[in-house]
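What's in entry_21.txt: compact mmCIF, C-alpha atoms
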```txt
# COMPACT_ATOMS: atom_id res chain seq x y z
CA MET A 221 -31.95 -29.80 22.76
CA ASP A 222 -34.08 -32.10 20.56
CA LYS A 223 -32.90 -34.06 17.50
CA ASP A 224 -33.77 -31.37 14.95
CA ASP A 225 -32.00 -28.71 17.01
CA ARG A 226 -28.86 -30.86 17.22
CA ILE A 227 -28.85 -31.52 13.49
CA GLY A 228 -29.36 -27.82 12.81
CA ALA A 229 -26.50 -26.90 15.14
CA VAL A 230 -24.18 -29.35 13.36
CA ASP A 231 -25.17 -27.94 9.96
CA ASN A 232 -24.49 -24.42 11.19
CA LEU A 233 -21.11 -25.43 12.59
CA LEU A 234 -20.03 -27.04 9.31
CA ALA A 235 -21.29 -24.08 7.26
CA SER A 236 -19.58 -21.48 9.44
CA HIS A 237 -16.20 -23.18 9.08
CA LYS A 238 -16.53 -24.37 5.49
CA GLU A 239 -13.81 -22.09 4.11
CA LYS A 240 -11.32 -22.37 6.96
CA GLY A 241 -11.99 -26.02 7.65
CA PHE A 242 -11.27 -28.05 10.75
CA PRO A 243 -10.02 -28.87 13.37
CA LEU A 244 -11.79 -26.12 15.25
CA ILE A 245 -9.17 -24.10 17.16
CA GLU A 246 -10.29 -22.06 20.16
CA GLN A 247 -8.21 -19.89 22.46
CA ASP A 248 -8.87 -19.71 26.18
CA SER A 249 -8.05 -16.16 27.30
CA LEU A 250 -7.00 -17.47 30.72
CA LEU A 251 -4.70 -20.21 29.37
CA GLU A 252 -1.64 -18.74 27.69
CA GLY A 253 0.34 -21.02 25.39
CA TYR A 254 -2.43 -23.55 24.78
CA VAL A 255 -5.51 -23.89 22.58
CA TYR A 256 -8.46 -26.27 22.39
CA ALA A 257 -8.46 -28.29 19.15
CA THR A 258 -11.72 -30.05 18.28
CA PHE A 259 -11.52 -32.72 15.60
CA ILE A 260 -14.75 -33.20 13.67
CA HIS A 261 -15.75 -36.11 11.46
CA ILE A 262 -19.03 -36.98 9.72
CA ASP A 263 -20.14 -40.61 9.35
CA SER A 264 -23.75 -41.30 8.40
CA THR A 265 -23.46 -45.10 8.72
CA HIS A 266 -23.07 -45.09 12.52
CA GLN A 267 -21.37 -48.49 12.12
CA ASN A 268 -17.78 -47.49 12.87
CA ASP A 269 -15.56 -46.86 15.80
CA ILE A 270 -13.50 -43.86 14.70
CA THR A 271 -10.13 -43.07 16.19
CA PHE A 272 -7.76 -40.19 15.74
CA ASN A 273 -4.24 -41.31 14.78
CA VAL A 274 -1.15 -39.08 14.87
CA PHE A 275 1.86 -40.03 12.78
CA GLY A 276 5.10 -40.50 14.65
CA ILE A 277 3.87 -40.65 18.25
CA TYR A 278 4.65 -43.51 20.54
CA ASP A 279 1.96 -44.08 23.18
CA GLU A 280 1.33 -40.37 23.74
CA TYR A 281 -0.79 -40.54 26.91
CA ARG A 282 -2.17 -37.01 26.54
CA PHE A 283 -4.32 -38.13 23.59
CA GLY A 284 -5.91 -40.89 25.66
CA ASP A 285 -7.56 -43.68 23.66
CA LYS A 286 -7.90 -41.26 20.69
CA LYS A 287 -11.48 -42.42 20.10
CA LEU A 288 -13.94 -39.87 18.69
CA TYR A 289 -17.23 -39.41 20.54
CA HIS A 290 -20.58 -39.59 18.76
CA LEU A 291 -23.00 -36.70 19.24
CA ASP A 292 -26.39 -38.33 19.77
CA SER A 293 -29.03 -38.00 17.02
CA THR A 294 -26.46 -36.64 14.51
CA ASP A 295 -23.80 -37.88 12.09
CA LEU A 296 -21.11 -35.93 13.92
CA TYR A 297 -18.15 -37.47 15.74
CA TYR A 298 -15.77 -35.28 17.70
CA ARG A 299 -12.91 -35.11 20.21
CA THR A 300 -11.43 -32.04 21.88
CA TYR A 301 -7.87 -31.78 23.14
CA MET A 302 -5.96 -29.05 24.92
CA ILE A 303 -2.67 -28.75 23.03
CA PRO A 304 0.27 -26.28 22.82
CA ASP A 305 -0.40 -23.37 20.47
CA ASP A 306 2.74 -24.08 18.39
CA LEU A 307 2.13 -27.77 17.71
CA CYS A 308 2.41 -29.27 14.21
CA PHE A 309 1.63 -32.88 13.28
CA ALA A 310 0.07 -35.16 10.66
CA TYR A 311 -2.98 -37.28 11.40
CA LYS A 312 -5.66 -39.55 9.93
CA PHE A 313 -8.97 -41.03 11.02
CA TYR A 314 -9.05 -44.81 11.44
CA TYR A 315 -12.31 -46.73 10.91
CA SER A 316 -13.17 -50.06 12.52
CA ASN A 317 -16.54 -51.40 11.35
CA LYS A 318 -18.47 -52.73 14.34
CA VAL A 319 -20.41 -55.20 12.15
CA THR A 320 -17.83 -56.60 9.71
CA GLY A 321 -14.60 -55.81 11.56
CA LYS A 322 -13.23 -54.20 8.38
CA LYS A 323 -10.61 -51.55 9.01
CA SER A 324 -9.80 -48.52 6.88
CA ARG A 325 -8.30 -45.08 7.23
CA MET A 326 -8.59 -41.69 5.60
CA SER A 327 -7.31 -38.15 5.83
CA ASP A 328 -9.65 -35.58 7.37
CA PRO A 329 -12.16 -34.54 4.65
CA LEU A 330 -12.90 -31.31 6.53
CA ASN A 331 -9.25 -30.21 6.72
CA PRO A 332 -7.77 -28.68 3.53
CA SER A 333 -4.19 -28.84 4.85
CA LEU A 334 -2.57 -31.98 3.49
CA VAL A 335 0.71 -33.86 3.41
CA PRO A 336 1.62 -33.91 0.56
CA SER A 337 0.18 -30.51 -0.27
CA SER A 338 -1.27 -31.55 -3.65
CA GLU A 339 -4.68 -33.09 -4.28
CA ARG A 340 -6.09 -35.55 -1.76
CA LYS A 341 -4.98 -39.17 -2.36
CA ASN A 342 -5.03 -42.47 -0.49
CA MET A 343 -1.51 -41.70 0.73
CA SER A 344 -2.52 -38.26 2.03
CA TRP A 345 -2.35 -37.27 5.66
CA SER A 346 -4.01 -34.23 7.15
CA ALA A 347 -1.87 -31.63 8.89
CA LEU A 348 -2.67 -29.61 11.95
CA ASP A 349 -0.16 -26.77 11.78
CA LEU A 350 -0.39 -24.08 14.43
CA ARG A 351 2.93 -22.56 13.31
CA THR A 352 1.73 -20.80 10.17
CA SER A 353 4.20 -17.92 10.01
CA GLU A 354 6.76 -19.78 7.90
CA ASP A 355 6.61 -19.53 4.11
CA GLU A 356 5.16 -22.67 2.55
CA TRP A 357 8.01 -23.31 0.11
CA TYR A 358 6.87 -26.93 -0.29
CA VAL A 359 3.66 -25.98 -2.14
CA LYS A 360 3.88 -26.28 -5.92
CA SER A 361 3.73 -22.79 -7.44
CA ASP A 362 2.46 -21.72 -10.85
CA HIS A 363 5.67 -19.99 -12.00
CA ARG A 364 6.12 -22.84 -14.51
CA GLN A 365 9.86 -23.09 -13.97
CA TYR A 366 10.14 -26.65 -12.77
CA GLY A 367 13.04 -29.02 -12.50
CA THR A 368 13.03 -32.55 -13.86
CA LEU A 369 13.45 -35.89 -12.10
CA ASP A 370 15.47 -38.79 -13.50
CA THR A 371 15.08 -42.34 -12.22
CA LEU A 372 18.11 -44.64 -12.35
CA GLU A 373 18.98 -48.07 -11.03
CA LEU A 374 22.31 -48.74 -9.38
CA HIS A 375 23.65 -52.26 -8.86
CA SER A 376 26.15 -52.54 -6.04
CA GLU A 377 28.89 -55.15 -6.15
CA LEU A 378 29.94 -54.22 -2.62
CA LEU A 379 26.47 -54.71 -1.11
CA SER A 380 25.22 -57.35 -3.59
CA ASN A 381 21.95 -55.54 -4.19
CA ALA A 382 20.30 -52.89 -6.35
CA ARG A 383 18.41 -49.71 -5.61
CA ASN A 384 16.68 -46.81 -7.31
CA ILE A 385 18.38 -43.42 -7.45
CA TYR A 386 16.33 -40.30 -8.21
CA VAL A 387 18.06 -37.17 -9.50
CA TYR A 388 16.47 -33.72 -9.47
CA LEU A 389 17.87 -31.39 -12.13
CA PRO A 390 17.10 -27.68 -11.81
CA PRO A 391 15.26 -25.66 -14.48
CA LYS A 392 17.53 -24.82 -17.42
CA TYR A 393 20.08 -27.43 -16.39
CA ASP A 394 23.25 -26.62 -18.38
CA THR A 395 26.38 -28.77 -18.52
CA THR A 396 28.40 -25.96 -20.11
CA LYS A 397 28.30 -23.83 -16.96
CA GLU A 398 30.09 -24.32 -13.65
CA LYS A 399 29.31 -27.55 -11.86
CA TYR A 400 26.22 -27.47 -9.65
CA PRO A 401 26.05 -27.67 -5.85
CA VAL A 402 24.45 -30.95 -4.80
CA ILE A 403 22.54 -32.43 -1.90
CA TYR A 404 22.36 -36.20 -1.33
CA LEU A 405 19.29 -37.34 0.61
CA PHE A 406 18.18 -40.72 1.94
CA ASP A 407 14.57 -41.98 2.09
CA PRO A 408 13.35 -40.67 -1.29
CA TYR A 409 9.71 -41.54 -0.64
CA ILE A 410 9.69 -39.13 2.28
CA TYR A 411 11.76 -36.37 0.71
CA LEU A 412 10.14 -36.51 -2.72
CA ASN A 413 6.51 -36.94 -1.66
CA LEU A 414 6.10 -35.68 1.91
CA VAL A 415 8.82 -33.09 2.46
CA GLU A 416 8.26 -32.23 -1.23
CA VAL A 417 11.86 -31.27 -1.94
CA PRO A 418 11.39 -30.75 -5.71
CA ASN A 419 8.77 -28.06 -4.98
CA VAL A 420 11.06 -26.52 -2.36
CA LEU A 421 13.99 -26.36 -4.77
CA ASP A 422 11.85 -25.04 -7.64
CA ASN A 423 10.49 -22.25 -5.45
CA LEU A 424 13.78 -21.29 -3.76
CA ILE A 425 15.59 -21.23 -7.11
CA TYR A 426 12.84 -19.23 -8.82
CA HIS A 427 12.84 -16.60 -6.05
CA GLN A 428 16.67 -16.53 -6.09
CA GLU A 429 16.87 -17.67 -2.48
CA ILE A 430 19.46 -20.27 -3.55
CA SER A 431 21.51 -20.93 -6.67
CA PRO A 432 20.36 -23.75 -8.97
CA MET A 433 21.44 -27.09 -7.56
CA ILE A 434 21.09 -30.83 -8.05
CA ALA A 435 19.48 -33.23 -5.56
CA VAL A 436 20.18 -36.97 -5.45
CA PHE A 437 17.76 -39.24 -3.57
CA ILE A 438 19.14 -42.66 -2.55
CA ASP A 439 16.70 -45.50 -1.91
CA ASN A 440 17.24 -48.76 -0.04
CA PRO A 441 16.10 -52.09 -1.48
CA SER A 442 13.61 -52.62 1.36
CA GLN A 443 12.69 -51.33 4.80
CA ALA A 444 14.55 -54.20 6.43
CA VAL A 445 17.67 -53.46 4.39
CA ARG A 446 17.33 -49.74 5.21
CA ASN A 447 17.39 -50.53 8.91
CA LYS A 448 20.70 -52.33 8.41
CA GLU A 449 22.35 -50.02 5.88
CA LEU A 450 21.74 -46.59 7.38
CA PRO A 451 22.72 -46.84 11.07
CA LEU A 452 26.52 -46.58 11.40
CA ASN A 453 27.22 -49.10 8.63
CA ALA A 454 30.81 -48.89 7.36
CA GLN A 455 30.11 -51.09 4.35
CA PHE A 456 27.23 -48.87 3.25
CA LYS A 457 29.48 -45.83 3.74
CA ASN A 458 32.07 -47.44 1.46
CA PHE A 459 29.37 -48.15 -1.14
CA PHE A 460 28.38 -44.49 -1.02
CA ILE A 461 31.94 -43.28 -1.58
CA THR A 462 33.25 -45.86 -4.04
CA GLU A 463 30.15 -46.74 -6.07
CA LEU A 464 27.39 -44.15 -5.70
CA LEU A 465 29.45 -40.97 -6.04
CA PRO A 466 31.31 -42.07 -9.20
CA PHE A 467 27.98 -43.28 -10.63
CA ILE A 468 26.47 -39.80 -10.17
CA LYS A 469 29.53 -37.81 -11.21
CA ASP A 470 29.89 -39.80 -14.43
CA ARG A 471 26.34 -38.83 -15.41
CA TYR A 472 25.69 -35.37 -13.98
CA HIS A 473 27.37 -31.99 -13.75
CA VAL A 474 27.85 -32.00 -9.96
CA THR A 475 30.50 -30.20 -7.98
CA ASP A 476 33.66 -31.78 -6.61
CA LEU A 477 33.90 -29.17 -3.85
CA ALA A 478 33.12 -30.37 -0.32
CA ASP A 479 31.88 -26.90 0.60
CA GLU A 480 29.14 -27.21 -2.04
CA THR A 481 28.22 -30.82 -1.25
CA ILE A 482 25.49 -31.54 1.33
CA ILE A 483 24.41 -34.92 2.66
CA GLY A 484 21.17 -35.25 4.61
CA GLY A 485 18.37 -37.42 5.87
CA ILE A 486 15.68 -37.99 8.47
CA SER A 487 15.80 -40.41 11.42
CA TYR A 488 18.26 -43.21 10.52
CA GLY A 489 18.97 -41.17 7.39
CA GLY A 490 20.03 -38.19 9.51
CA LEU A 491 22.37 -40.46 11.46
CA ALA A 492 23.81 -41.99 8.26
CA ALA A 493 24.37 -38.57 6.69
CA THR A 494 26.25 -37.26 9.73
CA TYR A 495 28.30 -40.45 10.06
CA ILE A 496 29.35 -40.48 6.41
CA ALA A 497 30.22 -36.78 6.46
CA PHE A 498 32.22 -37.21 9.68
CA GLU A 499 34.26 -39.99 8.07
CA HIS A 500 34.61 -38.15 4.72
CA SER A 501 34.55 -34.44 5.43
CA ASP A 502 36.87 -33.99 2.45
CA VAL A 503 33.88 -34.98 0.28
CA PHE A 504 30.88 -33.67 2.26
CA GLY A 505 31.29 -30.26 3.87
CA LYS A 506 27.64 -29.83 4.94
CA VAL A 507 25.18 -32.00 6.88
CA LEU A 508 21.38 -31.72 7.15
CA SER A 509 20.09 -34.06 9.85
CA GLN A 510 16.36 -34.09 10.66
CA SER A 511 15.30 -36.00 13.77
CA GLY A 512 18.59 -37.87 13.54
CA SER A 513 18.88 -41.12 15.50
CA PHE A 514 22.05 -40.12 17.31
CA TRP A 515 21.06 -42.33 20.24
CA ARG A 516 22.09 -45.40 18.22
CA ASP A 517 24.96 -47.62 19.26
CA THR A 518 26.72 -49.93 16.82
CA THR A 519 24.54 -52.70 18.29
CA LEU A 520 20.80 -52.12 18.40
CA THR A 521 19.71 -54.32 21.32
CA ASP A 522 21.19 -55.94 24.40
CA GLY A 523 20.15 -59.41 23.23
CA GLY A 524 17.00 -59.27 25.29
CA GLU A 525 15.37 -56.99 22.72
CA ASP A 526 15.92 -53.89 24.84
CA TRP A 527 17.29 -51.07 22.69
CA ILE A 528 20.70 -49.73 23.62
CA ARG A 529 21.27 -45.99 23.75
CA GLY A 530 24.98 -45.54 23.15
CA ASP A 531 25.27 -42.15 21.39
CA HIS A 532 28.15 -43.72 19.46
CA LEU A 533 28.61 -41.03 16.82
CA THR A 534 28.46 -38.23 19.40
CA ARG A 535 31.36 -39.89 21.21
CA GLN A 536 33.34 -39.86 17.96
CA PHE A 537 32.72 -36.13 17.57
CA GLN A 538 33.77 -35.67 21.20
CA THR A 539 36.97 -37.73 21.17
CA GLN A 540 38.32 -37.29 17.64
CA GLU A 541 39.83 -34.25 15.99
CA LYS A 542 37.48 -31.60 14.69
CA ARG A 543 36.26 -32.05 11.10
CA SER A 544 35.65 -29.27 8.60
CA LEU A 545 31.85 -29.51 8.70
CA LYS A 546 28.85 -27.20 8.83
CA LEU A 547 25.73 -28.84 10.25
CA HIS A 548 22.02 -28.25 10.67
CA LEU A 549 20.18 -30.46 13.19
CA ASP A 550 16.54 -30.55 14.19
CA TRP A 551 14.30 -32.65 16.42
CA GLY A 552 10.90 -32.55 18.09
CA LEU A 553 10.22 -31.76 21.71
CA GLN A 554 8.10 -34.91 21.86
CA GLU A 555 10.74 -37.22 20.34
CA ASN A 556 12.30 -38.55 23.54
CA TRP A 557 15.59 -40.24 22.52
CA CYS A 558 16.08 -38.12 19.39
CA LYS A 559 15.69 -34.95 21.46
CA ALA A 560 17.98 -36.11 24.27
CA SER A 561 20.72 -37.41 22.00
CA GLY A 562 20.40 -34.40 19.66
CA ARG A 563 20.89 -32.01 22.54
CA ARG A 564 23.95 -33.95 23.67
CA LEU A 565 25.46 -33.81 20.18
CA ALA A 566 24.72 -30.07 19.97
CA GLN A 567 26.61 -29.51 23.23
CA VAL A 568 29.59 -31.46 21.89
CA LEU A 569 29.52 -29.48 18.63
CA LYS A 570 29.47 -26.26 20.64
CA ASP A 571 32.36 -27.39 22.84
CA LYS A 572 34.39 -28.37 19.75
CA GLN A 573 33.53 -25.05 18.06
CA TYR A 574 31.79 -26.52 15.02
CA GLU A 575 29.75 -24.28 12.77
CA PHE A 576 26.21 -25.52 13.31
CA THR A 577 22.63 -24.65 14.12
CA PHE A 578 19.75 -26.64 15.55
CA THR A 579 15.98 -26.27 15.61
CA GLU A 580 13.62 -27.71 18.20
CA PHE A 581 10.00 -27.95 17.08
CA ASN A 582 6.90 -28.81 19.05
CA GLY A 583 5.93 -32.10 17.48
CA TRP A 584 6.74 -35.77 17.00
CA HIS A 585 8.91 -37.87 14.71
CA ASP A 586 7.16 -36.95 11.47
CA TRP A 587 7.62 -35.11 8.19
CA SER A 588 4.93 -32.43 8.63
CA ASN A 589 7.61 -30.66 10.67
CA SER A 590 10.49 -31.76 8.46
CA ARG A 591 8.99 -30.12 5.37
CA LYS A 592 8.58 -26.81 7.22
CA ILE A 593 12.16 -26.77 8.49
CA PHE A 594 13.92 -28.11 5.39
CA PRO A 595 13.94 -24.83 3.34
CA ASP A 596 15.53 -22.73 6.10
CA ALA A 597 17.99 -25.51 6.90
CA LEU A 598 19.05 -25.69 3.26
CA ARG A 599 19.47 -21.93 3.02
CA TYR A 600 21.58 -21.92 6.18
CA LEU A 601 23.90 -24.59 4.79
CA LEU A 602 24.25 -22.78 1.46
CA GLU A 603 25.12 -19.41 3.02
```

Full structure transcribed into structure tokens:
Amino acid sequence: MDKDDRIGAVDNLLASHKEKGFPLIEQDSLLEGYVYATFIHIDSTHQNDITFNVFGIYDEYRFGDKKLYHLDSTDLYYRTYMIPDDLCFAYKFYYSNKVTGKKSRMSDPLNPSLVPSSERKNMSWSALDLRTSEDEWYVKSDHRQYGTLDTLELHSELLSNARNIYVYLPPKYDTTKEKYPVIYLFDPYIYLNLVEVPNVLDNLIYHQEISPMIAVFIDNPSQAVRNKELPLNAQFKNFFITELLPFIKDRYHVTDLADETIIGGISYGGLAATYIAFEHSDVFGKVLSQSGSFWRDTTLTDGGEDWIRGDHLTRQFQTQEKRSLKLHLDWGLQENWCKASGRRLAQVLKDKQYEFTFTEFNGWHDWSNSRKIFPDALRYLLE
């Protein structure tokens, strides 16, 4: 095939998939449970090494060096992988300029599926989602019944720091009616922008899937502080109970009933939510843990920088009296420690006859899966 034929073939490929977009997904009739996914990128400069980067994976050997191949005499770069037909993950293309050494990254211009689901931005990731049967509750709808978001700052005497608190109020918020159910969530950047919880709540409330409720998003002063505050930190737990809760209840019409109070988070946030609820089940009756770090011990490393897997909180569930809790847990099949420790906790919950459910998804430690699972998890907890 000469140069003109190659260029023509590329143009035809792009035109034939313009509406659906890429990656190109192909089924092998002899290979049940897997598909071939071909990632396509166009770069007319021919000056860049282009790699395919998946959020949340840790040295996933099946993607190899993740470098896209260049099709000679064209502007097309590509890489084909055989992957499970129920996989979901977020990805970007990384550029490394072979002349200047400058590095940059971008979402996939040929893929219309984005995280977040709004217009394409610098923060956007592309999503490859082969599980398309679920309703996309996270997409902003045009029903024009939207909640509002307040931003507050809370100074903590106990922790000697300050943080932002974001409060979602449902459409037609009314302080003369009964107090609202509430969910407290850690990591507001993730839950506000990537899981897109305000859109989820707007849509579920509008379609009467759930009653109107309030959501409170609790930030940490920095990433380093987050990594100290969220994993099994008794002082942070005390801050939550003695400072944060009164701060919210003084300002908003939130319930005092444990059965209508949910606490949740992802990763360390999922661990923190479960830990705080376990210690204060009289306050929090429901837990939503996504990819929770239940592998954590009270000490992170052995002193030689090797992480310790202690499953500390699971041992508390196993050895202490049963709490009045309803829990949703989820984790990815590719998440290693989160999967192993989550399964162990689920077995303990079953043995202790807790009311709970768990979801295993085919993916990594990322929010493209979290945003798909969150609506059903919330509905389960509110049943």

Requested in this report: Might you pull out every residue within 7 Å of Ile483 (chain A), with all atoms listed in the file counted and same-chain residues fewer than 6 positions away left off, and present them as a VMD selection string?
Outcome: chain A and resid 403 to 405 493 504 506 to 508

Restricted to C-alpha atoms, what would the selected residues look like written as a short mmCIF file (atom, residue, chain, number, x, y, z; two decimals), in the coordinates of the input?
```cif
data_model
loop_
_atom_site.label_atom_id
_atom_site.label_comp_id
_atom_site.auth_asym_id
_atom_site.auth_seq_id
_atom_site.Cartn_x
_atom_site.Cartn_y
_atom_site.Cartn_z
CA ILE A 403 22.54 -32.43 -1.90
CA TYR A 404 22.36 -36.20 -1.33
CA LEU A 405 19.29 -37.34 0.61
CA ALA A 493 24.37 -38.57 6.69
CA PHE A 504 30.88 -33.67 2.26
CA LYS A 506 27.64 -29.83 4.94
CA VAL A 507 25.18 -32.00 6.88
CA LEU A 508 21.38 -31.72 7.15
#
```

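Residue nearest Pro391 (chain A), chosen from A:Gly228, A:Pro466, A:Pro408, A:Pro418 and counting only C-alpha atoms: A:Pro418.
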
Query raised in the report: Closest to Pro329 (chain A) among A:Lys341, A:Lys397, A:His266, A:Arg543, using only C-alpha atoms?
Result: A:Lys341

**Report entry** Polymer residues at most 12 Å from Ser487 (chain A), only C-alpha atoms, same-chain spacing of 3 or more positions, as a ChimeraX atom specification
**Finding:** /A:276,405-407,410,446-447,450-451,484,490-494,508-516,549-552,555,557-559,562,584-587,590

Those residues you just picked out, can you put them in a file as a PDB file, in the frame of the given file with C-alpha atoms?
```
ATOM      1  CA  GLY A 276       5.100 -40.500  14.650  1.00  0.00           C
ATOM      2  CA  LEU A 405      19.290 -37.340   0.610  1.00  0.00           C
ATOM      3  CA  PHE A 406      18.180 -40.720   1.940  1.00  0.00           C
ATOM      4  CA  ASP A 407      14.570 -41.980   2.090  1.00  0.00           C
ATOM      5  CA  ILE A 410       9.690 -39.130   2.280  1.00  0.00           C
ATOM      6  CA  ARG A 446      17.330 -49.740   5.210  1.00  0.00           C
ATOM      7  CA  ASN A 447      17.390 -50.530   8.910  1.00  0.00           C
ATOM      8  CA  LEU A 450      21.740 -46.590   7.380  1.00  0.00           C
ATOM      9  CA  PRO A 451      22.720 -46.840  11.070  1.00  0.00           C
ATOM     10  CA  GLY A 484      21.170 -35.250   4.610  1.00  0.00           C
ATOM     11  CA  GLY A 490      20.030 -38.190   9.510  1.00  0.00           C
ATOM     12  CA  LEU A 491      22.370 -40.460  11.460  1.00  0.00           C
ATOM     13  CA  ALA A 492      23.810 -41.990   8.260  1.00  0.00           C
ATOM     14  CA  ALA A 493      24.370 -38.570   6.690  1.00  0.00           C
ATOM     15  CA  THR A 494      26.250 -37.260   9.730  1.00  0.00           C
ATOM     16  CA  LEU A 508      21.380 -31.720   7.150  1.00  0.00           C
ATOM     17  CA  SER A 509      20.090 -34.060   9.850  1.00  0.00           C
ATOM     18  CA  GLN A 510      16.360 -34.090  10.660  1.00  0.00           C
ATOM     19  CA  SER A 511      15.300 -36.000  13.770  1.00  0.00           C
ATOM     20  CA  GLY A 512      18.590 -37.870  13.540  1.00  0.00           C
ATOM     21  CA  SER A 513      18.880 -41.120  15.500  1.00  0.00           C
ATOM     22  CA  PHE A 514      22.050 -40.120  17.310  1.00  0.00           C
ATOM     23  CA  TRP A 515      21.060 -42.330  20.240  1.00  0.00           C
ATOM     24  CA  ARG A 516      22.090 -45.400  18.220  1.00  0.00           C
ATOM     25  CA  LEU A 549      20.180 -30.460  13.190  1.00  0.00           C
ATOM     26  CA  ASP A 550      16.540 -30.550  14.190  1.00  0.00           C
ATOM     27  CA  TRP A 551      14.300 -32.650  16.420  1.00  0.00           C
ATOM     28  CA  GLY A 552      10.900 -32.550  18.090  1.00  0.00           C
ATOM     29  CA  GLU A 555      10.740 -37.220  20.340  1.00  0.00           C
ATOM     30  CA  TRP A 557      15.590 -40.240  22.520  1.00  0.00           C
ATOM     31  CA  CYS A 558      16.080 -38.120  19.390  1.00  0.00           C
ATOM     32  CA  LYS A 559      15.690 -34.950  21.460  1.00  0.00           C
ATOM     33  CA  GLY A 562      20.400 -34.400  19.660  1.00  0.00           C
ATOM     34  CA  TRP A 584       6.740 -35.770  17.000  1.00  0.00           C
ATOM     35  CA  HIS A 585       8.910 -37.870  14.710  1.00  0.00           C
ATOM     36  CA  ASP A 586       7.160 -36.950  11.470  1.00  0.00           C
ATOM     37  CA  TRP A 587       7.620 -35.110   8.190  1.00  0.00           C
ATOM     38  CA  SER A 590      10.490 -31.760   8.460  1.00  0.00           C
TER      39      SER A 590
END
```

Query - Minimum-distance residue to Lys546 (chain A), chosen among A:Val417, A:Ala229, A:Ile482, A:Ile496 (using all atoms listed in the file) - result: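 Looking at the shortest contact to Lys546 (chain A), the residue is A:Ile482.
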
Requested in this report: Up to 10 Å from (-12.5, -42.2, 19.7) in the file's coordinates: name the residues, counting only C-alpha atoms, as a ChimeraX atom specification.
Outcome: /A:269-273,283-290,297-299,313-315

Find the residues of region 336-395 of chain A that sit at most 10 Å from region 594-602 of chain A; for each, write down the nearest two atoms and how far apart they are in Å, to one decimal. Count all atoms listed in the file. Sort by chain, then by number going up, and give it as a tab-separated table.
```
residue	atom	partner	partner_atom	distance
A:Glu354	CA	A:Asp596	CA	9.4
A:Asp355	CA	A:Pro595	CA	9.1
A:Glu356	CA	A:Pro595	CA	9.1
A:Trp357	CA	A:Pro595	CA	6.9
A:Tyr358	CA	A:Pro595	CA	8.2
```

May I have the residues within 12 Å of Arg351 (chain A) as a PDB file with C-alpha atoms, in the coordinates of the input, using all atoms listed in the file and disregarding those fewer than 4 positions away in the same chain?
```
ATOM      1  CA  PRO A 304       0.270 -26.280  22.820  1.00  0.00           C
ATOM      2  CA  ASP A 305      -0.400 -23.370  20.470  1.00  0.00           C
ATOM      3  CA  ASP A 306       2.740 -24.080  18.390  1.00  0.00           C
ATOM      4  CA  LEU A 307       2.130 -27.770  17.710  1.00  0.00           C
ATOM      5  CA  CYS A 308       2.410 -29.270  14.210  1.00  0.00           C
ATOM      6  CA  PHE A 309       1.630 -32.880  13.280  1.00  0.00           C
ATOM      7  CA  ALA A 347      -1.870 -31.630   8.890  1.00  0.00           C
ATOM      8  CA  ASP A 355       6.610 -19.530   4.110  1.00  0.00           C
ATOM      9  CA  GLU A 356       5.160 -22.670   2.550  1.00  0.00           C
ATOM     10  CA  PHE A 581      10.000 -27.950  17.080  1.00  0.00           C
ATOM     11  CA  ASN A 582       6.900 -28.810  19.050  1.00  0.00           C
ATOM     12  CA  GLY A 583       5.930 -32.100  17.480  1.00  0.00           C
ATOM     13  CA  SER A 588       4.930 -32.430   8.630  1.00  0.00           C
ATOM     14  CA  ASN A 589       7.610 -30.660  10.670  1.00  0.00           C
ATOM     15  CA  LYS A 592       8.580 -26.810   7.220  1.00  0.00           C
ATOM     16  CA  ILE A 593      12.160 -26.770   8.490  1.00  0.00           C
TER      17      ILE A 593
END
```
